[in-house]
>>> print(open('coords_16.txt').read())   # compact mmCIF, N, CA and C atoms
# COMPACT_ATOMS: atom_id res chain seq x y z
N MET D 389 -74.49 96.09 11.59
CA MET D 389 -75.06 95.29 10.53
C MET D 389 -73.98 94.40 9.92
N GLU D 390 -74.38 93.25 9.48
CA GLU D 390 -73.46 92.27 8.88
C GLU D 390 -73.33 92.57 7.40
N GLU D 391 -72.09 92.50 6.89
CA GLU D 391 -71.85 92.73 5.47
C GLU D 391 -71.37 91.45 4.82
N ASP D 392 -71.80 91.23 3.57
CA ASP D 392 -71.31 90.06 2.83
C ASP D 392 -70.01 90.45 2.14
N VAL D 393 -69.43 89.52 1.39
CA VAL D 393 -68.13 89.76 0.76
C VAL D 393 -68.19 90.88 -0.29
N ASN D 394 -69.37 91.21 -0.78
CA ASN D 394 -69.51 92.29 -1.75
C ASN D 394 -69.84 93.62 -1.07
N GLY D 395 -69.93 93.62 0.26
CA GLY D 395 -70.25 94.83 0.98
C GLY D 395 -71.73 95.09 1.17
N ALA D 396 -72.59 94.17 0.70
CA ALA D 396 -74.03 94.35 0.89
C ALA D 396 -74.37 94.05 2.35
N ILE D 397 -75.41 94.64 2.81
CA ILE D 397 -75.78 94.54 4.22
C ILE D 397 -76.86 93.50 4.43
N SER D 398 -76.71 92.68 5.47
CA SER D 398 -77.71 91.68 5.81
C SER D 398 -78.82 92.34 6.61
N PHE D 399 -80.01 91.80 6.50
CA PHE D 399 -81.15 92.34 7.23
C PHE D 399 -81.23 91.85 8.67
N SER D 400 -80.31 91.01 9.10
CA SER D 400 -80.43 90.41 10.42
C SER D 400 -80.39 91.44 11.54
N ASP D 401 -79.74 92.60 11.31
CA ASP D 401 -79.61 93.59 12.38
C ASP D 401 -80.35 94.89 12.09
N VAL D 402 -81.29 94.88 11.16
CA VAL D 402 -82.02 96.09 10.81
C VAL D 402 -83.00 96.45 11.93
N ASP D 403 -83.02 97.71 12.29
CA ASP D 403 -83.94 98.20 13.32
C ASP D 403 -85.30 98.43 12.68
N LEU D 404 -86.22 97.47 12.91
CA LEU D 404 -87.53 97.56 12.28
C LEU D 404 -88.40 98.65 12.90
N ASP D 405 -87.98 99.19 14.05
CA ASP D 405 -88.73 100.26 14.70
C ASP D 405 -88.24 101.65 14.27
N ALA D 406 -87.31 101.70 13.35
CA ALA D 406 -86.80 102.99 12.85
C ALA D 406 -87.92 103.72 12.13
N PRO D 407 -87.82 105.05 12.04
CA PRO D 407 -88.86 105.78 11.32
C PRO D 407 -89.05 105.21 9.91
N LYS D 408 -90.31 105.12 9.50
CA LYS D 408 -90.66 104.47 8.24
C LYS D 408 -89.87 105.05 7.06
N SER D 409 -89.71 106.35 7.01
CA SER D 409 -89.02 106.94 5.88
C SER D 409 -87.56 106.46 5.82
N GLU D 410 -86.90 106.34 6.97
CA GLU D 410 -85.51 105.88 6.99
C GLU D 410 -85.44 104.41 6.57
N PHE D 411 -86.35 103.59 7.10
CA PHE D 411 -86.37 102.18 6.74
C PHE D 411 -86.78 101.99 5.28
N GLY D 412 -87.72 102.80 4.81
CA GLY D 412 -88.14 102.75 3.41
C GLY D 412 -86.99 103.08 2.47
N LYS D 413 -86.18 104.09 2.85
CA LYS D 413 -85.00 104.43 2.06
C LYS D 413 -84.01 103.27 2.05
N PHE D 414 -83.88 102.65 3.20
CA PHE D 414 -82.97 101.50 3.29
C PHE D 414 -83.44 100.38 2.37
N LEU D 415 -84.76 100.09 2.37
CA LEU D 415 -85.30 99.06 1.49
C LEU D 415 -85.11 99.42 0.02
N ASP D 416 -85.33 100.71 -0.30
CA ASP D 416 -85.10 101.15 -1.68
C ASP D 416 -83.66 100.91 -2.09
N LEU D 417 -82.74 101.12 -1.19
CA LEU D 417 -81.32 100.91 -1.45
C LEU D 417 -81.00 99.42 -1.62
N MET D 418 -81.66 98.58 -0.83
CA MET D 418 -81.34 97.15 -0.83
C MET D 418 -82.05 96.36 -1.92
N CYS D 419 -83.15 96.84 -2.45
CA CYS D 419 -83.91 96.10 -3.46
C CYS D 419 -83.05 95.64 -4.63
N PRO D 420 -82.22 96.50 -5.23
CA PRO D 420 -81.40 96.04 -6.36
C PRO D 420 -80.42 94.92 -5.96
N TYR D 421 -79.88 94.99 -4.74
CA TYR D 421 -78.97 93.93 -4.29
C TYR D 421 -79.68 92.58 -4.27
N TYR D 422 -80.88 92.58 -3.70
CA TYR D 422 -81.61 91.32 -3.58
C TYR D 422 -82.13 90.84 -4.93
N MET D 423 -82.38 91.76 -5.84
CA MET D 423 -82.74 91.33 -7.20
C MET D 423 -81.54 90.65 -7.85
N CYS D 424 -80.32 91.13 -7.56
CA CYS D 424 -79.11 90.45 -8.06
C CYS D 424 -78.96 89.07 -7.43
N TYR D 425 -79.47 88.89 -6.23
CA TYR D 425 -79.39 87.60 -5.55
C TYR D 425 -80.40 86.61 -6.12
N GLY D 426 -81.30 87.07 -7.00
CA GLY D 426 -82.28 86.19 -7.61
C GLY D 426 -83.71 86.43 -7.15
N MET D 427 -83.92 87.38 -6.28
CA MET D 427 -85.26 87.69 -5.78
C MET D 427 -85.94 88.65 -6.75
N SER D 428 -87.20 88.39 -7.06
CA SER D 428 -87.91 89.30 -7.96
C SER D 428 -88.32 90.57 -7.20
N TYR D 429 -88.65 91.61 -7.94
CA TYR D 429 -89.10 92.87 -7.36
C TYR D 429 -90.33 92.64 -6.48
N GLU D 430 -91.28 91.84 -7.00
CA GLU D 430 -92.50 91.57 -6.26
C GLU D 430 -92.22 90.80 -4.97
N GLU D 431 -91.31 89.81 -5.05
CA GLU D 431 -90.96 89.06 -3.84
C GLU D 431 -90.35 89.99 -2.80
N PHE D 432 -89.46 90.87 -3.23
CA PHE D 432 -88.79 91.77 -2.29
C PHE D 432 -89.80 92.63 -1.53
N TRP D 433 -90.78 93.15 -2.24
CA TRP D 433 -91.69 94.09 -1.60
C TRP D 433 -92.89 93.42 -0.94
N HIS D 434 -93.22 92.17 -1.29
CA HIS D 434 -94.46 91.59 -0.77
C HIS D 434 -94.29 90.34 0.09
N LEU D 435 -93.13 89.71 0.08
CA LEU D 435 -92.93 88.53 0.91
C LEU D 435 -92.48 88.94 2.30
N PRO D 436 -92.61 88.03 3.28
CA PRO D 436 -92.14 88.36 4.64
C PRO D 436 -90.65 88.70 4.62
N ILE D 437 -90.28 89.68 5.42
CA ILE D 437 -88.90 90.16 5.45
C ILE D 437 -87.92 89.07 5.87
N GLU D 438 -88.40 88.07 6.61
CA GLU D 438 -87.52 86.99 7.05
C GLU D 438 -86.92 86.22 5.87
N ARG D 439 -87.63 86.20 4.74
CA ARG D 439 -87.13 85.47 3.56
C ARG D 439 -85.88 86.12 2.97
N LEU D 440 -85.69 87.40 3.24
CA LEU D 440 -84.52 88.09 2.69
C LEU D 440 -83.23 87.44 3.16
N GLU D 441 -83.23 86.97 4.38
CA GLU D 441 -82.03 86.32 4.93
C GLU D 441 -81.66 85.09 4.12
N PHE D 442 -82.65 84.33 3.65
CA PHE D 442 -82.37 83.13 2.86
C PHE D 442 -81.72 83.50 1.53
N TYR D 443 -82.19 84.57 0.91
CA TYR D 443 -81.58 85.01 -0.35
C TYR D 443 -80.15 85.49 -0.11
N TRP D 444 -79.94 86.18 1.00
CA TRP D 444 -78.61 86.66 1.33
C TRP D 444 -77.67 85.47 1.55
N GLN D 445 -78.15 84.45 2.30
CA GLN D 445 -77.34 83.25 2.54
C GLN D 445 -77.06 82.51 1.23
N LYS D 446 -78.06 82.41 0.36
CA LYS D 446 -77.86 81.76 -0.93
C LYS D 446 -76.78 82.48 -1.72
N ASN D 447 -76.79 83.80 -1.67
CA ASN D 447 -75.76 84.57 -2.36
C ASN D 447 -74.38 84.26 -1.79
N GLN D 448 -74.28 84.11 -0.47
CA GLN D 448 -73.00 83.77 0.15
C GLN D 448 -72.52 82.40 -0.33
N PHE D 449 -73.44 81.44 -0.43
CA PHE D 449 -73.08 80.11 -0.95
C PHE D 449 -72.62 80.19 -2.40
N ASP D 450 -73.32 81.00 -3.21
CA ASP D 450 -72.95 81.17 -4.62
C ASP D 450 -71.54 81.76 -4.74
N ILE D 451 -71.23 82.74 -3.89
CA ILE D 451 -69.91 83.36 -3.92
C ILE D 451 -68.85 82.33 -3.54
N GLU D 452 -69.11 81.55 -2.51
CA GLU D 452 -68.16 80.52 -2.09
C GLU D 452 -67.96 79.47 -3.18
N ARG D 453 -69.05 79.04 -3.81
CA ARG D 453 -68.96 78.06 -4.89
C ARG D 453 -68.15 78.63 -6.06
N ARG D 454 -68.40 79.88 -6.41
CA ARG D 454 -67.65 80.53 -7.50
C ARG D 454 -66.17 80.62 -7.15
N ASN D 455 -65.88 80.92 -5.90
CA ASN D 455 -64.50 80.98 -5.45
C ASN D 455 -63.81 79.62 -5.61
N GLN D 456 -64.52 78.55 -5.26
CA GLN D 456 -63.97 77.20 -5.43
C GLN D 456 -63.76 76.87 -6.90
N GLU D 457 -64.70 77.28 -7.75
CA GLU D 457 -64.57 77.03 -9.19
C GLU D 457 -63.35 77.75 -9.75
N MET D 458 -63.14 78.99 -9.33
CA MET D 458 -61.98 79.74 -9.82
C MET D 458 -60.68 79.12 -9.31
N TRP D 459 -60.70 78.62 -8.08
CA TRP D 459 -59.52 77.95 -7.55
C TRP D 459 -59.19 76.71 -8.36
N MET D 460 -60.22 75.91 -8.69
CA MET D 460 -60.01 74.71 -9.50
C MET D 460 -59.50 75.10 -10.89
N GLN D 461 -60.03 76.17 -11.46
CA GLN D 461 -59.57 76.62 -12.77
C GLN D 461 -58.09 77.00 -12.69
N GLY D 462 -57.70 77.67 -11.63
CA GLY D 462 -56.29 78.01 -11.44
C GLY D 462 -55.42 76.78 -11.33
N LEU D 463 -55.94 75.75 -10.66
CA LEU D 463 -55.20 74.49 -10.53
C LEU D 463 -55.00 73.85 -11.91
N TYR D 464 -56.04 73.84 -12.72
CA TYR D 464 -55.93 73.29 -14.07
C TYR D 464 -54.92 74.08 -14.91
N ILE D 465 -54.95 75.40 -14.79
CA ILE D 465 -54.00 76.24 -15.54
C ILE D 465 -52.58 75.94 -15.09
N ARG D 466 -52.39 75.81 -13.78
CA ARG D 466 -51.06 75.50 -13.25
C ARG D 466 -50.56 74.16 -13.80
N ILE D 467 -51.42 73.16 -13.79
CA ILE D 467 -51.04 71.83 -14.31
C ILE D 467 -50.74 71.92 -15.81
N ALA D 468 -51.55 72.68 -16.54
CA ALA D 468 -51.35 72.81 -18.00
C ALA D 468 -50.01 73.48 -18.29
N VAL D 469 -49.70 74.54 -17.57
CA VAL D 469 -48.43 75.23 -17.80
C VAL D 469 -47.26 74.31 -17.45
N ALA D 470 -47.36 73.63 -16.31
CA ALA D 470 -46.28 72.71 -15.90
C ALA D 470 -46.09 71.60 -16.92
N SER D 471 -47.19 71.07 -17.46
CA SER D 471 -47.06 69.99 -18.45
C SER D 471 -46.47 70.50 -19.76
N CYS D 472 -46.70 71.77 -20.08
CA CYS D 472 -46.08 72.36 -21.29
C CYS D 472 -44.58 72.58 -21.08
N LEU D 473 -44.19 72.98 -19.89
CA LEU D 473 -42.78 73.25 -19.63
C LEU D 473 -41.96 71.97 -19.47
N ASP D 474 -42.54 70.97 -18.85
CA ASP D 474 -41.84 69.70 -18.67
C ASP D 474 -42.86 68.57 -18.74
N GLY D 475 -43.18 68.16 -19.96
CA GLY D 475 -44.21 67.14 -20.19
C GLY D 475 -43.84 65.76 -19.68
N ARG D 476 -42.55 65.51 -19.47
CA ARG D 476 -42.16 64.20 -18.95
C ARG D 476 -42.41 64.10 -17.45
N LYS D 477 -42.19 65.20 -16.75
CA LYS D 477 -42.35 65.20 -15.29
C LYS D 477 -43.79 65.48 -14.86
N PHE D 478 -44.46 66.36 -15.59
CA PHE D 478 -45.83 66.76 -15.24
C PHE D 478 -46.77 66.39 -16.38
N LYS D 479 -47.69 65.52 -16.11
CA LYS D 479 -48.68 65.10 -17.11
C LYS D 479 -50.01 65.79 -16.81
N TYR D 480 -50.66 66.25 -17.87
CA TYR D 480 -52.00 66.82 -17.70
C TYR D 480 -52.95 65.67 -17.43
N PRO D 481 -53.85 65.81 -16.45
CA PRO D 481 -54.75 64.69 -16.12
C PRO D 481 -55.64 64.28 -17.29
N ASP D 482 -55.92 62.99 -17.38
CA ASP D 482 -56.75 62.49 -18.47
C ASP D 482 -58.24 62.61 -18.17
N ARG D 483 -58.58 63.02 -16.95
CA ARG D 483 -59.98 63.26 -16.59
C ARG D 483 -60.03 64.36 -15.53
N PRO D 484 -61.18 64.97 -15.32
CA PRO D 484 -61.29 66.08 -14.35
C PRO D 484 -60.91 65.66 -12.93
N GLN D 485 -60.42 66.63 -12.18
CA GLN D 485 -60.12 66.40 -10.78
C GLN D 485 -61.43 66.16 -10.03
N ARG D 486 -61.44 65.19 -9.17
CA ARG D 486 -62.65 64.86 -8.41
C ARG D 486 -62.77 65.81 -7.23
N ILE D 487 -63.96 66.40 -7.03
CA ILE D 487 -64.16 67.30 -5.89
C ILE D 487 -65.10 66.70 -4.85
N THR D 488 -65.67 65.55 -5.16
CA THR D 488 -66.49 64.84 -4.18
C THR D 488 -65.91 63.44 -4.02
N GLU D 489 -66.27 62.80 -2.92
CA GLU D 489 -65.78 61.45 -2.69
C GLU D 489 -66.42 60.46 -3.66
N LEU D 490 -65.66 59.41 -3.98
CA LEU D 490 -66.19 58.38 -4.87
C LEU D 490 -67.26 57.57 -4.15
N THR D 491 -68.26 57.14 -4.90
CA THR D 491 -69.24 56.21 -4.34
C THR D 491 -68.57 54.85 -4.23
N GLU D 492 -69.21 53.92 -3.55
CA GLU D 492 -68.65 52.58 -3.41
C GLU D 492 -68.42 51.92 -4.77
N LEU D 493 -69.39 52.05 -5.66
CA LEU D 493 -69.26 51.47 -7.00
C LEU D 493 -68.12 52.13 -7.77
N GLU D 494 -68.05 53.47 -7.71
CA GLU D 494 -66.98 54.18 -8.40
C GLU D 494 -65.61 53.80 -7.84
N GLN D 495 -65.53 53.62 -6.51
CA GLN D 495 -64.28 53.21 -5.88
C GLN D 495 -63.86 51.83 -6.38
N GLU D 496 -64.81 50.92 -6.49
CA GLU D 496 -64.53 49.57 -6.98
C GLU D 496 -64.05 49.61 -8.43
N ILE D 497 -64.72 50.41 -9.25
CA ILE D 497 -64.32 50.56 -10.65
C ILE D 497 -62.91 51.14 -10.74
N GLU D 498 -62.62 52.15 -9.94
CA GLU D 498 -61.29 52.77 -9.93
C GLU D 498 -60.22 51.78 -9.48
N ASN D 499 -60.52 51.00 -8.46
CA ASN D 499 -59.57 49.99 -7.98
C ASN D 499 -59.30 48.95 -9.06
N ASN D 500 -60.34 48.50 -9.74
CA ASN D 500 -60.17 47.54 -10.83
C ASN D 500 -59.35 48.13 -11.98
N ARG D 501 -59.57 49.40 -12.27
CA ARG D 501 -58.80 50.07 -13.32
C ARG D 501 -57.32 50.10 -12.95
N LYS D 502 -57.01 50.44 -11.69
CA LYS D 502 -55.62 50.48 -11.24
C LYS D 502 -54.99 49.10 -11.25
N ILE D 503 -55.74 48.08 -10.85
CA ILE D 503 -55.23 46.70 -10.87
C ILE D 503 -54.92 46.29 -12.31
N ASN D 504 -55.82 46.58 -13.23
CA ASN D 504 -55.60 46.23 -14.64
C ASN D 504 -54.41 46.99 -15.22
N GLN D 505 -54.27 48.25 -14.84
CA GLN D 505 -53.14 49.04 -15.30
C GLN D 505 -51.83 48.46 -14.77
N LEU D 506 -51.79 48.09 -13.51
CA LEU D 506 -50.60 47.47 -12.92
C LEU D 506 -50.31 46.14 -13.60
N ARG D 507 -51.35 45.34 -13.83
CA ARG D 507 -51.19 44.05 -14.51
C ARG D 507 -50.57 44.25 -15.89
N ASP D 508 -51.05 45.27 -16.63
CA ASP D 508 -50.52 45.55 -17.96
C ASP D 508 -49.03 45.92 -17.90
N VAL D 509 -48.67 46.76 -16.93
CA VAL D 509 -47.27 47.15 -16.78
C VAL D 509 -46.41 45.95 -16.44
N LEU D 510 -46.86 45.11 -15.51
CA LEU D 510 -46.10 43.92 -15.13
C LEU D 510 -45.97 42.94 -16.29
N MET D 511 -47.04 42.76 -17.05
CA MET D 511 -46.98 41.86 -18.21
C MET D 511 -46.00 42.38 -19.25
N GLU D 512 -45.97 43.68 -19.45
CA GLU D 512 -45.02 44.26 -20.41
C GLU D 512 -43.58 44.06 -19.93
N HIS D 513 -43.34 44.25 -18.64
CA HIS D 513 -42.00 44.00 -18.09
C HIS D 513 -41.62 42.53 -18.22
N LYS D 514 -42.57 41.64 -17.99
CA LYS D 514 -42.30 40.20 -18.12
C LYS D 514 -41.97 39.87 -19.57
N ARG D 515 -42.73 40.46 -20.51
CA ARG D 515 -42.49 40.20 -21.93
C ARG D 515 -41.08 40.66 -22.31
N ILE D 516 -40.70 41.84 -21.87
CA ILE D 516 -39.36 42.37 -22.18
C ILE D 516 -38.29 41.48 -21.55
N TRP D 517 -38.51 41.06 -20.31
CA TRP D 517 -37.54 40.19 -19.62
C TRP D 517 -37.41 38.85 -20.35
N ASP D 518 -38.57 38.29 -20.73
CA ASP D 518 -38.55 37.00 -21.45
C ASP D 518 -37.79 37.12 -22.76
N GLU D 519 -38.01 38.20 -23.51
CA GLU D 519 -37.31 38.39 -24.78
C GLU D 519 -35.81 38.54 -24.56
N LYS D 520 -35.44 39.26 -23.51
CA LYS D 520 -34.05 39.53 -23.21
C LYS D 520 -33.31 38.25 -22.79
N HIS D 521 -34.02 37.38 -22.07
CA HIS D 521 -33.39 36.17 -21.52
C HIS D 521 -33.83 34.90 -22.25
N LYS D 522 -34.29 35.04 -23.45
CA LYS D 522 -34.82 33.89 -24.23
C LYS D 522 -33.76 32.81 -24.42
N GLY D 523 -32.58 33.17 -24.77
CA GLY D 523 -31.52 32.18 -25.02
C GLY D 523 -30.85 31.70 -23.76
N ALA D 524 -31.09 32.31 -22.63
CA ALA D 524 -30.41 31.93 -21.39
C ALA D 524 -30.96 30.65 -20.80
N ASP D 525 -32.16 30.22 -21.23
CA ASP D 525 -32.78 29.01 -20.68
C ASP D 525 -32.05 27.75 -21.13
N LYS D 526 -31.32 27.75 -22.21
CA LYS D 526 -30.70 26.54 -22.77
C LYS D 526 -29.33 26.29 -22.24
>>> encode(input="coords_16.txt", output="structure tokens")
Amino acid sequence: MEEDVNGAISFSDVDLDAPKSEFGKFLDLMCPYYMCYGMSYEEFWHLPIERLEFYWQKNQFDIERRNQEMWMQGLYIRIAVASCLDGRKFKYPDRPQRITELTELEQEIENNRKINQLRDVLMEHKRIWDEKHKGADK
């Protein structure tokens, strides 16, 4: 039988020809697991057994998503600690880390933001240079 990360057993390899009492005991044991997966008591006992696999798979996806969320949280904590220890070298991000690709419109907006930011930096450098060399033109 296949086990998920929590040790629960998948129904994909259950012997449906086993004596009813043994299989009934197995179902009694598994009902609370599937209720934790989001299946109601009535669904567990009255829906086709094939549906159980979908709930089990959904639970696997939920576990993987939670794992990714905790990893991202750890990344944020790492960045926060680094920025506290050396704020000049490590800056805390001004917006959340992106976990999906940018759409075309978002990419265009981001590119324009970077261009404007670069323009501002260059203009500031030009202003400083002009002030520094103001008297050199004569």
>>> residues_around(input="coords_16.txt", residues="Phe478 in chain D", least_positions_apart="3", cutoff="12 Å", atoms="only C-alpha atoms", output="mmCIF file with N, CA and C atoms, in the frame of the given file")
data_model
loop_
_atom_site.group_PDB
_atom_site.id
_atom_site.type_symbol
_atom_site.label_atom_id
_atom_site.label_comp_id
_atom_site.auth_asym_id
_atom_site.auth_seq_id
_atom_site.Cartn_x
_atom_site.Cartn_y
_atom_site.Cartn_z
ATOM 1 N N ARG D 466 -52.390 75.810 -13.780
ATOM 2 C CA ARG D 466 -51.060 75.500 -13.250
ATOM 3 C C ARG D 466 -50.560 74.160 -13.800
ATOM 4 N N ILE D 467 -51.420 73.160 -13.790
ATOM 5 C CA ILE D 467 -51.040 71.830 -14.310
ATOM 6 C C ILE D 467 -50.740 71.920 -15.810
ATOM 7 N N ALA D 468 -51.550 72.680 -16.540
ATOM 8 C CA ALA D 468 -51.350 72.810 -18.000
ATOM 9 C C ALA D 468 -50.010 73.480 -18.290
ATOM 10 N N VAL D 469 -49.700 74.540 -17.570
ATOM 11 C CA VAL D 469 -48.430 75.230 -17.800
ATOM 12 C C VAL D 469 -47.260 74.310 -17.450
ATOM 13 N N ALA D 470 -47.360 73.630 -16.310
ATOM 14 C CA ALA D 470 -46.280 72.710 -15.900
ATOM 15 C C ALA D 470 -46.090 71.600 -16.920
ATOM 16 N N SER D 471 -47.190 71.070 -17.460
ATOM 17 C CA SER D 471 -47.060 69.990 -18.450
ATOM 18 C C SER D 471 -46.470 70.500 -19.760
ATOM 19 N N CYS D 472 -46.700 71.770 -20.080
ATOM 20 C CA CYS D 472 -46.080 72.360 -21.290
ATOM 21 C C CYS D 472 -44.580 72.580 -21.080
ATOM 22 N N LEU D 473 -44.190 72.980 -19.890
ATOM 23 C CA LEU D 473 -42.780 73.250 -19.630
ATOM 24 C C LEU D 473 -41.960 71.970 -19.470
ATOM 25 N N ASP D 474 -42.540 70.970 -18.850
ATOM 26 C CA ASP D 474 -41.840 69.700 -18.670
ATOM 27 C C ASP D 474 -42.860 68.570 -18.740
ATOM 28 N N GLY D 475 -43.180 68.160 -19.960
ATOM 29 C CA GLY D 475 -44.210 67.140 -20.190
ATOM 30 C C GLY D 475 -43.840 65.760 -19.680
ATOM 31 N N PRO D 481 -53.850 65.810 -16.450
ATOM 32 C CA PRO D 481 -54.750 64.690 -16.120
ATOM 33 C C PRO D 481 -55.640 64.280 -17.290
#
>>> atom_distance(input="coords_16.txt", atom1="CA of Gln448 in chain D", atom2="CA of Tyr429 in chain D")
20.0 Å
>>> axis_aligned_box(input="coords_16.txt", around="range 451-454 of chain D", padding_each_side="8 Å", output="JSON")
{"center_x": -68.7, "center_y": 80.7, "center_z": -4.8, "size_x": 21.1, "size_y": 21.3, "size_z": 21.4}
>>> select_by_dssp(input="coords_16.txt", residues="chain D", states="helix (DSSP H, G or I)", output="number ranges by chain")
D: 399-401, 408-424, 429-434, 439-473, 492-520, 522-525
>>> atom_distance(input="coords_16.txt", atom1="atom N of Pro484 in chain D", atom2="CA of Ile465 in chain D")
13.4 Å
>>> atom_distance(input="coords_16.txt", atom1="atom N of Gly426 in chain D", atom2="atom C of Glu452 in chain D")
15.8 Å
>>> residues_around(input="coords_16.txt", residues="Trp433 in chain D", least_positions_apart="5", cutoff="12 Å", atoms="only C-alpha atoms", output="CSV table (one decimal) with N, CA and C atoms, keeping the file's coordinate frame")
chain,number,residue,atom,x,y,z
D,412,GLY,N,-87.7,102.8,4.8
D,412,GLY,CA,-88.1,102.8,3.4
D,412,GLY,C,-87.0,103.1,2.5
D,415,LEU,N,-84.8,100.1,2.4
D,415,LEU,CA,-85.3,99.1,1.5
D,415,LEU,C,-85.1,99.4,0.0
D,416,ASP,N,-85.3,100.7,-0.3
D,416,ASP,CA,-85.1,101.2,-1.7
D,416,ASP,C,-83.7,100.9,-2.1
D,418,MET,N,-81.7,98.6,-0.8
D,418,MET,CA,-81.3,97.2,-0.8
D,418,MET,C,-82.0,96.4,-1.9
D,419,CYS,N,-83.2,96.8,-2.4
D,419,CYS,CA,-83.9,96.1,-3.5
D,419,CYS,C,-83.0,95.6,-4.6
D,420,PRO,N,-82.2,96.5,-5.2
D,420,PRO,CA,-81.4,96.0,-6.4
D,420,PRO,C,-80.4,94.9,-6.0
D,422,TYR,N,-80.9,92.6,-3.7
D,422,TYR,CA,-81.6,91.3,-3.6
D,422,TYR,C,-82.1,90.8,-4.9
D,423,MET,N,-82.4,91.8,-5.8
D,423,MET,CA,-82.7,91.3,-7.2
D,423,MET,C,-81.5,90.6,-7.8
D,427,MET,N,-83.9,87.4,-6.3
D,427,MET,CA,-85.3,87.7,-5.8
D,427,MET,C,-85.9,88.6,-6.8
D,428,SER,N,-87.2,88.4,-7.1
D,428,SER,CA,-87.9,89.3,-8.0
D,428,SER,C,-88.3,90.6,-7.2
D,438,GLU,N,-88.4,88.1,6.6
D,438,GLU,CA,-87.5,87.0,7.0
D,438,GLU,C,-86.9,86.2,5.9
D,439,ARG,N,-87.6,86.2,4.7
D,439,ARG,CA,-87.1,85.5,3.6
D,439,ARG,C,-85.9,86.1,3.0
D,440,LEU,N,-85.7,87.4,3.2
D,440,LEU,CA,-84.5,88.1,2.7
D,440,LEU,C,-83.2,87.4,3.2
